[in-house]
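Visitor: Please see the structure below; I have some questions.
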Amino acid sequence: MNKAGKILSINPRYAILGGEVLIECEGVELNEISSFGCYFDGKKAKTVGVSSKRILAIVPTGFVNETLEVHIENEGDRSDSAEIIVGKKLAEDIHMVANPAIDPKDDSIIVTRSGTRGQQLPVTLLRVARDGDLEEMTAFILNPTGIAFDEHDRLVVSNRADGEVCQINRDDEVVPIASELGVATGIAFDKEGTLYVGDRGGTIFRVSGLGAVETWAILEPSVSAYHLAFDRDGNLFVSAPSLCSYDSVFRIDESGLDEVFFKGLGRPQGLAFDKKGNLYVAACMKGRHGIVKISPDGSLGELFVAGMSIVGLCFSREGEMIVATNHSLYSLPLGVYGTLLE
């Protein structure tokens, strides 16, 4: 009998480097743990937990290939392989605190070096080209947080240090749109092109095209940021991480009334919808970190991408999921398309 057993499944089957995946297996004989190993493309992985039926393994770093072969070795025996898709690293030396954004004009990716609140860094906005080149913008925003493009493909960025939102022209000119927005973090545009801004102190502001600001909804304060995304029906979805390990994603209708859409997430952050209405949230669920996929009616949530320190995501026109951690950017070829890329 093969003492390495058989791999039945890997959950989730998508990950970024350093993510923790659950390998369901059968027939693994653990008589001598020192002879056991779980391997990704021949590289031995760190295992967090091992039994004859389940293995919790950390995806090793240093890979370039997106498809990795996973197998088990035990007392000289080897199991058959199973596949996992791992994100390709596009950039590092960044500091993200919310979603990245795709520029509709050239499909480049806008990211930040945000810094701690009040920290002034020499370069705070960057552009990642499709070939991976990282270009620094000369436009300066203190602590850029939320990033979005308006209906005219203009880049808009929130500044949580000064409580304002600005438009960035030609990567070098900064034009203030609205101010006195508290600790301005997440931003999103509705289907009419109206801007909404989340103040982590507990307020969702609505900003008219002329820059007039009104309070639109009130929620509980967040310890870090508000993250916003609209679905195709015009509902605004908000995550607001707290010190609780059982946080909610809220749905706010067009009149400003809110309700809990999904509950049971640890530190939920960046949000994005696909064209089928599924919501993806950077969060922890049942002790496992990564990106959680939530069904359109909010009845089901599952860990979809494994990864640590993920703060945001977006979708490219090629069906890639762009995943941002605090310090790095990855692409995952999923064949999933976002609602913003029509």
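Simple scheme: letters A, B, ... for chains in structure tokens order, numbers from 1 for residues in each chain, numbers from 1 for ligands in the order shown.
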When DSSP is applied to the backbone of this structure, which of range 102-185 of chain A are assigned strand (DSSP E)? Write them out as a PyMOL selection string.
Guide: chain A and resi 102+109-112+125-128+134-136+144-149+155-159+164-169+173-178+184-185
Visitor: Find the spatial neighbours of range 305-308 of chain A, counting only C-alpha atoms, within a cut-off of 8 Å - ignore same-chain residues fewer than 6 positions away - and output them as a PDB file with N, CA and C atoms, in the first residue's frame.
Guide:
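Contents of part02.pdb, freshly written:
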```pdb
ATOM      1  N   PRO A  12      -8.601  26.412  -0.878  1.00  0.00           N
ATOM      2  CA  PRO A  12      -9.100  26.665  -2.221  1.00  0.00           C
ATOM      3  C   PRO A  12      -8.057  26.267  -3.269  1.00  0.00           C
ATOM      4  N   ARG A  13      -8.461  26.219  -4.513  1.00  0.00           N
ATOM      5  CA  ARG A  13      -7.513  25.836  -5.552  1.00  0.00           C
ATOM      6  C   ARG A  13      -6.782  27.037  -6.140  1.00  0.00           C
ATOM      7  N   TYR A  14      -7.054  28.243  -5.583  1.00  0.00           N
ATOM      8  CA  TYR A  14      -6.342  29.452  -5.972  1.00  0.00           C
ATOM      9  C   TYR A  14      -5.652  30.028  -4.734  1.00  0.00           C
ATOM     10  N   ALA A  15      -4.459  30.568  -4.926  1.00  0.00           N
ATOM     11  CA  ALA A  15      -3.708  31.112  -3.788  1.00  0.00           C
ATOM     12  C   ALA A  15      -2.676  32.109  -4.294  1.00  0.00           C
ATOM     13  N   ILE A  16      -2.159  32.908  -3.386  1.00  0.00           N
ATOM     14  CA  ILE A  16      -0.945  33.671  -3.648  1.00  0.00           C
ATOM     15  C   ILE A  16       0.156  33.071  -2.789  1.00  0.00           C
ATOM     16  N   LEU A  17       1.393  33.438  -3.084  1.00  0.00           N
ATOM     17  CA  LEU A  17       2.525  32.880  -2.352  1.00  0.00           C
ATOM     18  C   LEU A  17       2.369  33.157  -0.861  1.00  0.00           C
ATOM     19  N   GLY A  18       2.590  32.141  -0.038  1.00  0.00           N
ATOM     20  CA  GLY A  18       2.433  32.275   1.400  1.00  0.00           C
ATOM     21  C   GLY A  18       1.035  31.983   1.903  1.00  0.00           C
ATOM     22  N   GLY A  19       0.097  31.692   0.994  1.00  0.00           N
ATOM     23  CA  GLY A  19      -1.267  31.365   1.405  1.00  0.00           C
ATOM     24  C   GLY A  19      -1.352  29.965   1.998  1.00  0.00           C
ATOM     25  N   GLU A  20      -2.356  29.770   2.861  1.00  0.00           N
ATOM     26  CA  GLU A  20      -2.546  28.480   3.518  1.00  0.00           C
ATOM     27  C   GLU A  20      -3.679  27.717   2.839  1.00  0.00           C
ATOM     28  N   VAL A  21      -3.385  26.504   2.356  1.00  0.00           N
ATOM     29  CA  VAL A  21      -4.401  25.702   1.675  1.00  0.00           C
ATOM     30  C   VAL A  21      -4.658  24.413   2.449  1.00  0.00           C
ATOM     31  N   ARG A 288      -9.341  31.223   8.399  1.00  0.00           N
ATOM     32  CA  ARG A 288      -8.508  31.105   7.204  1.00  0.00           C
ATOM     33  C   ARG A 288      -8.540  32.422   6.422  1.00  0.00           C
ATOM     34  N   HIS A 289      -7.364  32.855   5.964  1.00  0.00           N
ATOM     35  CA  HIS A 289      -7.215  34.182   5.379  1.00  0.00           C
ATOM     36  C   HIS A 289      -7.179  34.128   3.853  1.00  0.00           C
ATOM     37  N   GLY A 290      -7.714  35.184   3.233  1.00  0.00           N
ATOM     38  CA  GLY A 290      -7.632  35.291   1.785  1.00  0.00           C
ATOM     39  C   GLY A 290      -8.750  36.141   1.230  1.00  0.00           C
ATOM     40  N   ILE A 291      -9.357  35.661   0.140  1.00  0.00           N
ATOM     41  CA  ILE A 291     -10.487  36.340  -0.490  1.00  0.00           C
ATOM     42  C   ILE A 291     -11.693  35.409  -0.427  1.00  0.00           C
ATOM     43  N   VAL A 292     -12.771  35.916   0.159  1.00  0.00           N
ATOM     44  CA  VAL A 292     -14.001  35.145   0.331  1.00  0.00           C
ATOM     45  C   VAL A 292     -14.966  35.486  -0.799  1.00  0.00           C
ATOM     46  N   THR A 325      -1.766  42.805  -1.521  1.00  0.00           N
ATOM     47  CA  THR A 325      -1.483  42.693  -0.096  1.00  0.00           C
ATOM     48  C   THR A 325      -0.981  44.050   0.385  1.00  0.00           C
TER      49      THR A 325
END
```
Visitor: Measuring between only C-alpha atoms, which one of A:Asn159, A:Asn2, A:Asn278, A:Asn31 shows the shortest distance to Arg78 in chain A?
Guide: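 Smallest distance to Arg78 in chain A is found for A:Asn2.
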Visitor: I'd like the contact shell of Ser81 in chain A - 7 Å cut-off, only C-alpha atoms, skipping same-chain residues fewer than 5 positions apart - returned as a VMD selection string.
Guide: chain A and resid 69 to 71
Visitor: Please, which residues in range 191-236 of chain A fall within 12 Å of range 92-115 of chain A when counting only C-alpha atoms, and what is the closest atom pair and distance in Å to one decimal for each, ordered by chain then residue number, as JSON lines?
Guide:
```
{"residue": "A:Gly198", "atom": "CA", "partner": "A:Ala98", "partner_atom": "CA", "distance": 11.9}
{"residue": "A:Ser224", "atom": "CA", "partner": "A:Val97", "partner_atom": "CA", "distance": 8.8}
{"residue": "A:Ala225", "atom": "CA", "partner": "A:Val97", "partner_atom": "CA", "distance": 8.1}
{"residue": "A:Tyr226", "atom": "CA", "partner": "A:Ala98", "partner_atom": "CA", "distance": 8.8}
{"residue": "A:His227", "atom": "CA", "partner": "A:Ala98", "partner_atom": "CA", "distance": 7.0}
{"residue": "A:Leu228", "atom": "CA", "partner": "A:Asn99", "partner_atom": "CA", "distance": 9.5}
{"residue": "A:Ala229", "atom": "CA", "partner": "A:Asn99", "partner_atom": "CA", "distance": 10.1}
```
Visitor: So, with only C-alpha atoms as the atoms that count, which of A:Thr124, A:Ser255, A:Thr185, A:Thr138 lies closest to Asp172 in chain A?
Guide: A:Thr138
